[in-house]
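Data file: upload_29.cif. Format and content: mmCIF, C-alpha atoms.
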```
data_protein
loop_
_atom_site.group_PDB
_atom_site.id
_atom_site.type_symbol
_atom_site.label_atom_id
_atom_site.label_comp_id
_atom_site.auth_asym_id
_atom_site.auth_seq_id
_atom_site.Cartn_x
_atom_site.Cartn_y
_atom_site.Cartn_z
ATOM 1 C CA MET R 1 16.379 -32.860 101.775
ATOM 2 C CA ARG R 2 20.083 -33.689 101.544
ATOM 3 C CA GLU R 3 21.374 -35.833 98.702
ATOM 4 C CA ILE R 4 23.905 -38.624 99.118
ATOM 5 C CA THR R 5 25.123 -41.372 96.828
ATOM 6 C CA TYR R 6 23.847 -44.931 96.669
ATOM 7 C CA LEU R 7 27.197 -46.025 98.118
ATOM 8 C CA GLU R 8 26.967 -43.559 101.001
ATOM 9 C CA ALA R 9 23.398 -44.610 101.715
ATOM 10 C CA ILE R 10 24.426 -48.245 102.166
ATOM 11 C CA ARG R 11 27.343 -47.252 104.390
ATOM 12 C CA GLU R 12 25.088 -45.030 106.497
ATOM 13 C CA SER R 13 22.532 -47.789 106.860
ATOM 14 C CA MET R 14 25.119 -50.279 108.084
ATOM 15 C CA SER R 15 26.709 -47.731 110.438
ATOM 16 C CA GLN R 16 23.388 -46.804 112.016
ATOM 17 C CA GLU R 17 22.547 -50.445 112.630
ATOM 18 C CA MET R 18 25.992 -51.105 114.106
ATOM 19 C CA ARG R 19 25.526 -48.209 116.525
ATOM 20 C CA THR R 20 22.241 -49.597 117.826
ATOM 21 C CA ASP R 21 22.975 -53.339 117.770
ATOM 22 C CA ASN R 22 26.320 -54.704 118.981
ATOM 23 C CA ASP R 23 25.599 -58.042 117.263
ATOM 24 C CA VAL R 24 25.900 -56.425 113.849
ATOM 25 C CA PHE R 25 29.387 -56.500 112.341
ATOM 26 C CA ILE R 26 30.876 -56.449 108.859
ATOM 27 C CA MET R 27 33.500 -58.679 107.316
ATOM 28 C CA GLY R 28 35.212 -59.017 103.961
ATOM 29 C CA GLU R 29 38.398 -58.674 101.971
ATOM 30 C CA ASP R 30 40.180 -55.308 102.380
ATOM 31 C CA ILE R 31 37.182 -53.659 104.041
ATOM 32 C CA GLY R 32 39.270 -52.130 106.851
ATOM 33 C CA ILE R 33 41.774 -49.348 106.198
ATOM 34 C CA TYR R 34 41.474 -49.831 102.423
ATOM 35 C CA GLY R 35 37.696 -49.361 102.606
ATOM 36 C CA GLY R 36 36.674 -52.263 100.401
ATOM 37 C CA ALA R 37 36.940 -52.735 96.649
ATOM 38 C CA PHE R 38 34.736 -49.698 95.966
ATOM 39 C CA GLY R 39 35.431 -47.654 99.098
ATOM 40 C CA LEU R 40 32.028 -48.375 100.577
ATOM 41 C CA THR R 41 33.381 -49.128 104.062
ATOM 42 C CA ASN R 42 35.710 -46.125 104.170
ATOM 43 C CA GLY R 43 36.024 -44.802 107.722
ATOM 44 C CA MET R 44 34.097 -47.602 109.370
ATOM 45 C CA ILE R 45 37.114 -49.264 110.971
ATOM 46 C CA GLU R 46 38.021 -45.953 112.619
ATOM 47 C CA GLU R 47 34.577 -45.760 114.242
ATOM 48 C CA PHE R 48 33.893 -49.397 115.063
ATOM 49 C CA GLY R 49 37.372 -50.943 115.312
ATOM 50 C CA PRO R 50 38.849 -54.118 113.806
ATOM 51 C CA GLU R 51 36.654 -56.465 115.881
ATOM 52 C CA ARG R 52 33.513 -55.248 114.123
ATOM 53 C CA VAL R 53 35.078 -54.332 110.776
ATOM 54 C CA ARG R 54 36.912 -57.554 110.086
ATOM 55 C CA ASN R 55 39.421 -57.895 107.296
ATOM 56 C CA THR R 56 39.466 -61.440 106.029
ATOM 57 C CA PRO R 57 41.706 -63.683 103.921
ATOM 58 C CA ILE R 58 40.989 -63.837 100.186
ATOM 59 C CA SER R 59 38.806 -66.911 100.412
ATOM 60 C CA GLU R 60 35.094 -66.561 99.710
ATOM 61 C CA ALA R 61 34.562 -70.148 100.783
ATOM 62 C CA ALA R 62 36.139 -69.500 104.178
ATOM 63 C CA ILE R 63 34.555 -66.135 104.913
ATOM 64 C CA SER R 64 31.076 -67.217 103.857
ATOM 65 C CA GLY R 65 31.374 -70.199 106.193
ATOM 66 C CA CYS R 66 32.444 -67.885 109.017
ATOM 67 C CA ALA R 67 29.534 -65.540 108.332
ATOM 68 C CA VAL R 68 26.956 -68.333 108.287
ATOM 69 C CA GLY R 69 28.395 -69.826 111.466
ATOM 70 C CA ALA R 70 28.406 -66.456 113.231
ATOM 71 C CA ALA R 71 24.788 -65.881 112.218
ATOM 72 C CA MET R 72 23.720 -69.249 113.577
ATOM 73 C CA THR R 73 25.280 -68.437 116.944
ATOM 74 C CA GLY R 74 23.378 -65.171 117.364
ATOM 75 C CA MET R 75 25.423 -62.534 115.556
ATOM 76 C CA ARG R 76 24.213 -60.482 112.564
ATOM 77 C CA PRO R 77 27.108 -60.424 110.111
ATOM 78 C CA ILE R 78 27.199 -58.400 106.898
ATOM 79 C CA LEU R 79 29.568 -60.040 104.450
ATOM 80 C CA GLU R 80 31.047 -58.132 101.517
ATOM 81 C CA ILE R 81 31.930 -60.185 98.454
ATOM 82 C CA GLN R 82 34.175 -57.896 96.369
ATOM 83 C CA PHE R 83 32.447 -58.744 93.080
ATOM 84 C CA SER R 84 29.216 -60.690 92.909
ATOM 85 C CA ASP R 85 30.858 -63.094 90.439
ATOM 86 C CA PHE R 86 33.002 -64.457 93.276
ATOM 87 C CA VAL R 87 29.950 -65.694 95.159
ATOM 88 C CA MET R 88 30.231 -68.932 93.197
ATOM 89 C CA ILE R 89 33.178 -69.922 95.367
ATOM 90 C CA ALA R 90 30.879 -69.574 98.377
ATOM 91 C CA MET R 91 27.878 -71.383 96.935
ATOM 92 C CA ASP R 92 28.046 -74.448 99.158
ATOM 93 C CA ASN R 93 27.910 -72.364 102.320
ATOM 94 C CA ILE R 94 25.103 -70.182 100.980
ATOM 95 C CA VAL R 95 22.952 -72.704 99.104
ATOM 96 C CA ASN R 96 23.542 -75.911 101.031
ATOM 97 C CA GLN R 97 23.994 -74.425 104.509
ATOM 98 C CA ALA R 98 22.565 -70.929 105.017
ATOM 99 C CA ALA R 99 19.454 -71.485 102.910
ATOM 100 C CA LYS R 100 18.593 -74.824 104.531
ATOM 101 C CA MET R 101 19.368 -74.485 108.245
ATOM 102 C CA ARG R 102 16.174 -72.866 109.421
ATOM 103 C CA TYR R 103 14.094 -75.522 107.658
ATOM 104 C CA MET R 104 16.268 -78.458 108.726
ATOM 105 C CA PHE R 105 16.205 -77.429 112.412
ATOM 106 C CA GLY R 106 12.457 -76.893 112.465
ATOM 107 C CA GLY R 107 12.756 -73.140 112.795
ATOM 108 C CA LYS R 108 15.002 -73.281 115.871
ATOM 109 C CA ALA R 109 18.082 -72.135 113.974
ATOM 110 C CA LYS R 110 18.116 -68.677 112.412
ATOM 111 C CA VAL R 111 20.646 -67.429 109.875
ATOM 112 C CA PRO R 112 20.506 -63.601 109.922
ATOM 113 C CA VAL R 113 23.334 -62.885 107.487
ATOM 114 C CA VAL R 114 23.426 -60.233 104.768
ATOM 115 C CA ILE R 115 25.725 -60.920 101.827
ATOM 116 C CA ARG R 116 26.515 -57.784 99.833
ATOM 117 C CA LEU R 117 27.197 -58.409 96.162
ATOM 118 C CA PRO R 118 28.412 -55.622 93.813
ATOM 119 C CA GLY R 119 27.228 -56.771 90.384
ATOM 120 C CA GLY R 120 26.351 -55.712 86.879
ATOM 121 C CA SER R 121 28.244 -54.433 83.848
ATOM 122 C CA GLY R 122 29.175 -51.042 82.452
ATOM 123 C CA ALA R 123 32.339 -50.384 84.446
ATOM 124 C CA GLY R 124 34.815 -52.124 82.153
ATOM 125 C CA PHE R 125 35.587 -55.033 84.453
ATOM 126 C CA ALA R 126 35.013 -57.644 81.717
ATOM 127 C CA ALA R 127 33.593 -61.141 81.774
ATOM 128 C CA GLN R 128 34.519 -62.413 85.240
ATOM 129 C CA HIS R 129 33.603 -59.236 87.157
ATOM 130 C CA SER R 130 30.424 -57.970 85.473
ATOM 131 C CA GLN R 131 27.788 -60.666 85.603
ATOM 132 C CA SER R 132 24.189 -60.487 86.805
ATOM 133 C CA LEU R 133 23.466 -63.851 88.397
ATOM 134 C CA GLU R 134 20.700 -62.921 90.815
ATOM 135 C CA ALA R 135 18.310 -65.426 89.220
ATOM 136 C CA TRP R 136 20.548 -68.233 90.503
ATOM 137 C CA MET R 137 19.929 -67.115 94.075
ATOM 138 C CA ALA R 138 16.240 -66.416 93.549
ATOM 139 C CA HIS R 139 15.860 -70.047 92.508
ATOM 140 C CA VAL R 140 16.974 -71.368 95.908
ATOM 141 C CA PRO R 141 14.319 -71.791 98.629
ATOM 142 C CA GLY R 142 15.414 -70.160 101.863
ATOM 143 C CA LEU R 143 17.240 -67.175 100.366
ATOM 144 C CA LYS R 144 15.931 -63.636 100.016
ATOM 145 C CA VAL R 145 17.183 -61.494 97.124
ATOM 146 C CA VAL R 146 17.289 -57.685 97.132
ATOM 147 C CA GLN R 147 18.133 -55.325 94.222
ATOM 148 C CA PRO R 148 17.848 -51.621 95.120
ATOM 149 C CA SER R 149 17.769 -49.133 92.234
ATOM 150 C CA ASN R 150 18.427 -45.876 94.093
ATOM 151 C CA ALA R 151 20.005 -44.465 97.235
ATOM 152 C CA TYR R 152 16.773 -44.065 99.208
ATOM 153 C CA ASP R 153 15.737 -47.652 98.622
ATOM 154 C CA ALA R 154 19.261 -48.952 99.261
ATOM 155 C CA LYS R 155 19.315 -47.496 102.781
ATOM 156 C CA GLY R 156 15.843 -48.659 103.749
ATOM 157 C CA LEU R 157 16.228 -52.120 102.256
ATOM 158 C CA MET R 158 19.623 -52.644 103.896
ATOM 159 C CA LYS R 159 18.112 -51.957 107.315
ATOM 160 C CA ALA R 160 15.331 -54.458 106.677
ATOM 161 C CA ALA R 161 17.868 -57.002 105.430
ATOM 162 C CA ILE R 162 20.040 -56.674 108.541
ATOM 163 C CA LYS R 163 17.020 -57.202 110.821
ATOM 164 C CA ASP R 164 15.757 -60.204 108.868
ATOM 165 C CA ASP R 165 16.366 -63.601 110.487
ATOM 166 C CA ASN R 166 17.029 -65.250 107.119
ATOM 167 C CA PRO R 167 19.982 -65.067 104.715
ATOM 168 C CA VAL R 168 19.624 -62.087 102.385
ATOM 169 C CA LEU R 169 21.572 -61.623 99.155
ATOM 170 C CA PHE R 170 21.911 -57.868 98.645
ATOM 171 C CA TYR R 171 22.788 -57.038 95.028
ATOM 172 C CA GLU R 172 24.295 -53.579 94.486
ATOM 173 C CA HIS R 173 24.794 -52.339 90.926
ATOM 174 C CA LYS R 174 28.282 -50.894 90.521
ATOM 175 C CA LEU R 175 27.128 -48.139 88.155
ATOM 176 C CA LEU R 176 24.724 -46.869 90.807
ATOM 177 C CA TYR R 177 27.355 -46.375 93.519
ATOM 178 C CA ASN R 178 27.987 -42.729 92.614
ATOM 179 C CA VAL R 179 24.397 -41.825 91.762
ATOM 180 C CA LYS R 180 22.937 -39.343 94.244
ATOM 181 C CA GLY R 181 19.424 -39.225 95.592
ATOM 182 C CA GLU R 182 17.415 -37.768 98.455
ATOM 183 C CA VAL R 183 17.951 -39.832 101.588
ATOM 184 C CA PRO R 184 16.767 -38.870 105.095
ATOM 185 C CA GLU R 185 19.343 -39.034 107.890
ATOM 186 C CA GLU R 186 16.897 -40.647 110.276
ATOM 187 C CA ASN R 187 16.238 -44.361 110.513
ATOM 188 C CA TYR R 188 13.659 -45.893 108.196
ATOM 189 C CA GLU R 189 13.070 -49.322 106.745
ATOM 190 C CA ILE R 190 11.593 -50.540 103.474
ATOM 191 C CA PRO R 191 9.990 -53.955 104.024
ATOM 192 C CA LEU R 192 11.310 -56.768 101.878
ATOM 193 C CA GLY R 193 8.614 -57.774 99.399
ATOM 194 C CA GLN R 194 7.179 -54.316 98.742
ATOM 195 C CA ALA R 195 7.460 -53.064 95.166
ATOM 196 C CA ASP R 196 7.420 -49.388 94.263
ATOM 197 C CA ILE R 197 5.696 -47.596 91.414
ATOM 198 C CA LYS R 198 8.475 -45.318 90.196
ATOM 199 C CA ARG R 199 6.291 -43.696 87.554
ATOM 200 C CA GLU R 200 2.592 -43.955 86.861
ATOM 201 C CA GLY R 201 1.181 -44.564 83.380
ATOM 202 C CA THR R 202 -1.751 -46.060 81.527
ATOM 203 C CA ASP R 203 -0.447 -47.721 78.335
ATOM 204 C CA ILE R 204 2.414 -50.059 79.229
ATOM 205 C CA THR R 205 3.741 -51.550 82.466
ATOM 206 C CA ILE R 206 7.511 -51.890 82.560
ATOM 207 C CA VAL R 207 8.759 -54.126 85.362
ATOM 208 C CA ALA R 208 12.453 -53.320 85.701
ATOM 209 C CA THR R 209 15.166 -54.185 88.199
ATOM 210 C CA ALA R 210 18.325 -52.464 89.481
ATOM 211 C CA ILE R 211 19.887 -50.033 86.977
ATOM 212 C CA MET R 212 17.220 -50.938 84.418
ATOM 213 C CA VAL R 213 14.750 -48.972 86.529
ATOM 214 C CA ASN R 214 16.678 -45.786 85.736
ATOM 215 C CA ARG R 215 16.850 -46.671 82.032
ATOM 216 C CA ALA R 216 13.153 -47.510 81.973
ATOM 217 C CA LEU R 217 12.372 -44.116 83.474
ATOM 218 C CA GLU R 218 14.468 -42.402 80.797
ATOM 219 C CA ALA R 219 12.689 -44.417 78.114
ATOM 220 C CA ALA R 220 9.330 -43.457 79.611
ATOM 221 C CA GLU R 221 10.253 -39.777 79.252
ATOM 222 C CA GLU R 222 11.011 -40.320 75.560
ATOM 223 C CA LEU R 223 7.816 -42.278 74.960
ATOM 224 C CA GLU R 224 5.725 -39.637 76.697
ATOM 225 C CA LYS R 225 6.592 -37.279 73.818
ATOM 226 C CA GLU R 226 4.924 -39.795 71.489
ATOM 227 C CA GLY R 227 1.810 -40.004 73.616
ATOM 228 C CA ILE R 228 2.722 -43.386 75.137
ATOM 229 C CA HIS R 229 2.231 -43.334 78.897
ATOM 230 C CA VAL R 230 4.474 -45.846 80.648
ATOM 231 C CA GLU R 231 4.169 -47.102 84.202
ATOM 232 C CA VAL R 232 7.452 -48.273 85.757
ATOM 233 C CA ILE R 233 7.372 -50.842 88.553
ATOM 234 C CA ASP R 234 10.490 -51.620 90.587
ATOM 235 C CA PRO R 235 10.022 -54.888 92.527
ATOM 236 C CA ARG R 236 13.021 -53.935 94.730
ATOM 237 C CA THR R 237 13.151 -57.523 95.998
ATOM 238 C CA LEU R 238 12.992 -60.586 93.759
ATOM 239 C CA VAL R 239 12.355 -62.771 96.794
ATOM 240 C CA PRO R 240 9.867 -62.106 98.245
ATOM 241 C CA LEU R 241 8.170 -60.699 95.139
ATOM 242 C CA ASP R 242 5.323 -58.221 95.419
ATOM 243 C CA THR R 243 3.060 -59.805 92.817
ATOM 244 C CA GLU R 244 0.012 -57.745 93.757
ATOM 245 C CA THR R 245 1.513 -54.382 92.774
ATOM 246 C CA ILE R 246 2.620 -55.797 89.416
ATOM 247 C CA LEU R 247 -0.730 -57.415 88.672
ATOM 248 C CA GLN R 248 -2.715 -54.313 89.554
ATOM 249 C CA SER R 249 -0.568 -52.297 87.163
ATOM 250 C CA VAL R 250 -1.083 -54.832 84.359
ATOM 251 C CA LYS R 251 -4.839 -54.613 84.884
ATOM 252 C CA LYS R 252 -4.584 -50.894 84.263
ATOM 253 C CA THR R 253 -2.253 -50.897 81.234
ATOM 254 C CA SER R 254 -2.900 -54.295 79.547
ATOM 255 C CA ARG R 255 0.646 -54.402 78.136
ATOM 256 C CA VAL R 256 3.831 -55.578 79.849
ATOM 257 C CA LEU R 257 7.552 -55.325 79.233
ATOM 258 C CA VAL R 258 9.974 -56.914 81.699
ATOM 259 C CA VAL R 259 13.483 -55.429 81.605
ATOM 260 C CA TYR R 260 16.549 -56.825 83.335
ATOM 261 C CA GLU R 261 20.295 -56.787 82.780
ATOM 262 C CA ALA R 262 20.947 -60.492 83.223
ATOM 263 C CA VAL R 263 21.036 -62.755 80.185
ATOM 264 C CA LYS R 264 17.488 -63.015 78.857
ATOM 265 C CA ARG R 265 17.620 -66.793 78.618
ATOM 266 C CA GLY R 266 16.695 -68.266 81.989
ATOM 267 C CA GLY R 267 16.564 -64.841 83.628
ATOM 268 C CA TYR R 268 14.213 -63.669 86.361
ATOM 269 C CA GLY R 269 12.117 -61.816 83.783
ATOM 270 C CA ALA R 270 10.719 -65.165 82.694
ATOM 271 C CA GLU R 271 9.485 -65.730 86.247
ATOM 272 C CA ILE R 272 7.658 -62.394 86.260
ATOM 273 C CA ALA R 273 6.188 -63.019 82.804
ATOM 274 C CA SER R 274 4.983 -66.470 83.825
ATOM 275 C CA MET R 275 3.500 -65.166 87.048
ATOM 276 C CA ILE R 276 1.413 -62.684 85.050
ATOM 277 C CA ALA R 277 0.435 -65.257 82.401
ATOM 278 C CA GLU R 278 -0.709 -67.733 85.050
ATOM 279 C CA SER R 279 -2.770 -65.185 86.960
ATOM 280 C CA ASP R 280 -6.319 -63.932 86.521
ATOM 281 C CA VAL R 281 -4.838 -60.814 84.958
ATOM 282 C CA PHE R 282 -3.979 -62.755 81.799
ATOM 283 C CA ASP R 283 -7.384 -61.898 80.327
ATOM 284 C CA TYR R 284 -6.586 -58.202 80.615
ATOM 285 C CA LEU R 285 -3.597 -58.447 78.256
ATOM 286 C CA ASP R 286 -3.944 -56.799 74.846
ATOM 287 C CA ALA R 287 -0.557 -58.026 73.623
ATOM 288 C CA PRO R 288 1.908 -60.825 74.419
ATOM 289 C CA ILE R 289 4.219 -60.119 77.365
ATOM 290 C CA ARG R 290 7.669 -59.073 76.142
ATOM 291 C CA ARG R 291 11.034 -59.585 77.851
ATOM 292 C CA LEU R 292 14.150 -57.498 77.289
ATOM 293 C CA GLY R 293 17.319 -58.926 78.825
ATOM 294 C CA GLY R 294 21.025 -59.224 78.170
ATOM 295 C CA VAL R 295 22.555 -60.998 75.192
ATOM 296 C CA ALA R 296 23.670 -64.577 75.862
ATOM 297 C CA THR R 297 27.367 -63.768 75.845
ATOM 298 C CA PRO R 298 30.090 -63.179 78.437
ATOM 299 C CA ILE R 299 30.318 -59.439 79.155
ATOM 300 C CA PRO R 300 32.954 -58.001 76.753
ATOM 301 C CA TYR R 301 35.809 -55.736 77.860
ATOM 302 C CA ASN R 302 35.416 -53.464 74.827
ATOM 303 C CA PRO R 303 33.194 -50.568 75.983
ATOM 304 C CA GLU R 304 31.002 -50.522 72.880
ATOM 305 C CA LEU R 305 30.473 -54.279 72.903
ATOM 306 C CA GLU R 306 29.832 -54.187 76.659
ATOM 307 C CA LYS R 307 27.134 -51.597 76.093
ATOM 308 C CA ALA R 308 25.603 -53.679 73.310
ATOM 309 C CA ALA R 309 25.387 -56.754 75.536
ATOM 310 C CA VAL R 310 22.767 -55.334 77.929
ATOM 311 C CA PRO R 311 19.574 -53.298 77.405
ATOM 312 C CA GLN R 312 19.999 -49.559 76.886
ATOM 313 C CA VAL R 313 17.391 -46.792 76.897
ATOM 314 C CA ASN R 314 16.816 -46.962 73.148
ATOM 315 C CA ASP R 315 16.256 -50.726 73.307
ATOM 316 C CA ILE R 316 13.503 -50.178 75.869
ATOM 317 C CA VAL R 317 11.913 -47.468 73.713
ATOM 318 C CA GLN R 318 11.909 -49.808 70.704
ATOM 319 C CA GLU R 319 10.318 -52.669 72.661
ATOM 320 C CA CYS R 320 7.584 -50.381 73.924
ATOM 321 C CA ARG R 321 6.818 -49.217 70.384
ATOM 322 C CA LYS R 322 6.455 -52.861 69.349
ATOM 323 C CA LEU R 323 4.007 -53.395 72.193
ATOM 324 C CA MET R 324 1.975 -50.465 70.902
ATOM 325 C CA ASN R 325 2.311 -51.636 67.273
ATOM 326 C CA LYS R 326 4.181 -48.448 66.365
#
```
What's the C-alpha cells form of this structure?
Amino acid sequence: MREITYLEAIRESMSQEMRTDNDVFIMGEDIGIYGGAFGLTNGMIEEFGPERVRNTPISEAAISGCAVGAAMTGMRPILEIQFSDFVMIAMDNIVNQAAKMRYMFGGKAKVPVVIRLPGGSGAGFAAQHSQSLEAWMAHVPGLKVVQPSNAYDAKGLMKAAIKDDNPVLFYEHKLLYNVKGEVPEENYEIPLGQADIKREGTDITIVATAIMVNRALEAAEELEKEGIHVEVIDPRTLVPLDTETILQSVKKTSRVLVVYEAVKRGGYGAEIASMIAESDVFDYLDAPIRRLGGVATPIPYNPELEKAAVPQVNDIVQECRKLMNK
C-alpha cells in the first residue's frame, strides 16, 4: 500500500469530502495560495477556488463566529486555527454558541463544524504556540474532541468529523505532520468513539494519546526485551471515549499507565484513571493506576528544556518498570 504523511492524509480526506459534498468548505488564515501555516492546504485553492477555500482576516473570534453561523445554516465548514493556542480567542463562539445550540433549540439546530487545531510541543515554537489544551474542550458538553496519532487514523477520523452534525475539535500534533504511514486512496471512515489497540500485551495497559502513542510503542519495544509485555491503547477520540476497549484491556493486564503530553495536573489522563477506578474493573488492578503527563510549566523555547517538559520514551519505560516493581 502507498505511504503518505499525516499532513497529506488530512488534506486528502478534506479534498475527497469537498468533491462529493458541495456544502463542505474550508476557511482560515492564509490557507489559500500560501497553503496554511504548515502547508496542509497547499493546492486546494487551485482545485476548489476561493469560494470554497476562504482566506480570512487574522481574527479567530470573527472566523469562528462565521464558521458556527455557516454550520447552523446548513453548510459544513472546516475551520483552520493556525496554532491550537489561538483557539482561546474563539472560545465564546465555540463554548457558548457552537456547543450549546443543538441543546438549546431542542435538536432542531445542528452545528456541523470541524475546527482543526495544530497543537503540541517539540517544534521550537515556545510557550504561546506549543500547548496541549484538549482537556479544556473535553470538559465542555456538546463538543467532540479528536486526537489522531497516525496518518491512517487522521484520514478516517477527519471524514467522520466532517459528516458529524456536532462541533468537532480536531487536534493535530505538529510533530506528526511529516510522519508517513499506509493510507488507502479510497474513502473510509473511522467512527468517533472507537479506540484502537495499537499493540497487544499482557502485563501493562498504556493508554496514550496523539504523539504519545508513538512513544508508548517505542517504549513497549524496549520493555519487551526485559520480558514486560505492554498493550498500547489509543482512544483516538477523547469525546466520545471508548471506555469498553480500555476496561477490557485492564482486565487482561491488571496494571495501567496513562500517558499524555498535556500538563499532568488537571489533564485528561485523570479522567481516564478515574473512569477505571470507578468501574467494576477496579478489583482487577494489581497496582495503583499511574499517570505520566507534562510538567506544570509553560513550554520552553530551549530545545533541551522543551524536551524535558513532556514525556519521552525513557520516561514511559521508567514508569512501566515502577508498575512492575522493577
Output the residue selection produced by the PyMOL selection byres ((chain R and resi 284) around 6) on the file above, formatted as a PyMOL selection string. chain R and resi 251+254+281-283+285
Starting from the PyMOL selection byres ((chain R and resi 311) around 12), expand the selection into actual residues of this file and give them as number ranges by chain. R: 120-122, 208-209, 211-216, 219, 258-264, 291-295, 305-310, 312-319
Please write the residues from the selection above to a file, keeping C-alpha atoms, as a PDB file, in the coordinates of the input.
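To be explicit, this is the file written out as result_32.pdb:
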```pdb
ATOM      1  CA  GLY R 120      26.351 -55.712  86.879  1.00  0.00           C
ATOM      2  CA  SER R 121      28.244 -54.433  83.848  1.00  0.00           C
ATOM      3  CA  GLY R 122      29.175 -51.042  82.452  1.00  0.00           C
ATOM      4  CA  ALA R 208      12.453 -53.320  85.701  1.00  0.00           C
ATOM      5  CA  THR R 209      15.166 -54.185  88.199  1.00  0.00           C
ATOM      6  CA  ILE R 211      19.887 -50.033  86.977  1.00  0.00           C
ATOM      7  CA  MET R 212      17.220 -50.938  84.418  1.00  0.00           C
ATOM      8  CA  VAL R 213      14.750 -48.972  86.529  1.00  0.00           C
ATOM      9  CA  ASN R 214      16.678 -45.786  85.736  1.00  0.00           C
ATOM     10  CA  ARG R 215      16.850 -46.671  82.032  1.00  0.00           C
ATOM     11  CA  ALA R 216      13.153 -47.510  81.973  1.00  0.00           C
ATOM     12  CA  ALA R 219      12.689 -44.417  78.114  1.00  0.00           C
ATOM     13  CA  VAL R 258       9.974 -56.914  81.699  1.00  0.00           C
ATOM     14  CA  VAL R 259      13.483 -55.429  81.605  1.00  0.00           C
ATOM     15  CA  TYR R 260      16.549 -56.825  83.335  1.00  0.00           C
ATOM     16  CA  GLU R 261      20.295 -56.787  82.780  1.00  0.00           C
ATOM     17  CA  ALA R 262      20.947 -60.492  83.223  1.00  0.00           C
ATOM     18  CA  VAL R 263      21.036 -62.755  80.185  1.00  0.00           C
ATOM     19  CA  LYS R 264      17.488 -63.015  78.857  1.00  0.00           C
ATOM     20  CA  ARG R 291      11.034 -59.585  77.851  1.00  0.00           C
ATOM     21  CA  LEU R 292      14.150 -57.498  77.289  1.00  0.00           C
ATOM     22  CA  GLY R 293      17.319 -58.926  78.825  1.00  0.00           C
ATOM     23  CA  GLY R 294      21.025 -59.224  78.170  1.00  0.00           C
ATOM     24  CA  VAL R 295      22.555 -60.998  75.192  1.00  0.00           C
ATOM     25  CA  LEU R 305      30.473 -54.279  72.903  1.00  0.00           C
ATOM     26  CA  GLU R 306      29.832 -54.187  76.659  1.00  0.00           C
ATOM     27  CA  LYS R 307      27.134 -51.597  76.093  1.00  0.00           C
ATOM     28  CA  ALA R 308      25.603 -53.679  73.310  1.00  0.00           C
ATOM     29  CA  ALA R 309      25.387 -56.754  75.536  1.00  0.00           C
ATOM     30  CA  VAL R 310      22.767 -55.334  77.929  1.00  0.00           C
ATOM     31  CA  GLN R 312      19.999 -49.559  76.886  1.00  0.00           C
ATOM     32  CA  VAL R 313      17.391 -46.792  76.897  1.00  0.00           C
ATOM     33  CA  ASN R 314      16.816 -46.962  73.148  1.00  0.00           C
ATOM     34  CA  ASP R 315      16.256 -50.726  73.307  1.00  0.00           C
ATOM     35  CA  ILE R 316      13.503 -50.178  75.869  1.00  0.00           C
ATOM     36  CA  VAL R 317      11.913 -47.468  73.713  1.00  0.00           C
ATOM     37  CA  GLN R 318      11.909 -49.808  70.704  1.00  0.00           C
ATOM     38  CA  GLU R 319      10.318 -52.669  72.661  1.00  0.00           C
TER      39      GLU R 319
END
```
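Among the candidates R:Val232, R:Ile94, R:Ala70, R:Leu176, the residue lying nearest to R:Ser149 is R:Leu176 (atoms considered: all atoms listed in the file).
For the pair atom CA of R:Glu231 and atom CA of R:Ile197, the separation is 7.4 Å.
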What's the 10 Å shell around R:Pro57, counting only C-alpha atoms, without same-chain residues fewer than 4 positions away, as a ChimeraX atom specification? /R:28-30,62-63
Expand the PyMOL selection byres ((chain R and resi 9) around 10) into the individual residues it matches in the shown file, reporting them as a ChimeraX atom specification. /R:3-8,10-15,40,150-156,158,177,180-185
Could you write out as AutoDock Vina command-line options the box around stretch 183-195 of chain R (axis-aligned, all atoms listed in the file, 6 Å on each side), with centre and edge lengths in Å to one decimal?
```
--center_x 13.3 --center_y -48.3 --center_z 102.8 --size_x 24.2 --size_y 30.9 --size_z 27.3
```
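For the pair atom CA of R:Ala160 and atom CA of R:Glu189, the interatomic distance is 5.6 Å.
Taking atom CA of R:Gly142 and atom CA of R:Lys100 as endpoints, the distance between them is 6.2 Å.
Here the question is which of R:Met18, R:Val111, R:Leu247, R:Leu192 gets nearest to R:Asp280 using all atoms listed in the file, and that residue is R:Leu247.
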At a cut-off of 12 Å, using all atoms listed in the file, what residues contact R:Leu241? Leave out same-chain residues fewer than 6 positions from it and give the result as a ChimeraX atom specification. /R:138,144-147,191-196,207,209,233-235,247,268,271-272,275
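Close contacts of R:Tyr34, defined as residues with an atom at most 12 Å away when counting all atoms listed in the file, with chain neighbours fewer than 3 positions off set aside, comprise R:Gly28, R:Glu29, R:Asp30, R:Ile31, R:Ala37, R:Phe38, R:Gly39, R:Leu40, R:Thr41, R:Asn42, R:Gly43, R:Met44, R:Ile45, R:Glu46, R:Val53, R:Arg54, R:Asn55.
Between R:Asn22 and the residues R:Pro303, R:Gly267, R:Gly36, R:Gly74, the shortest atom-to-atom distance, using only C-alpha atoms, involves R:Gly74.
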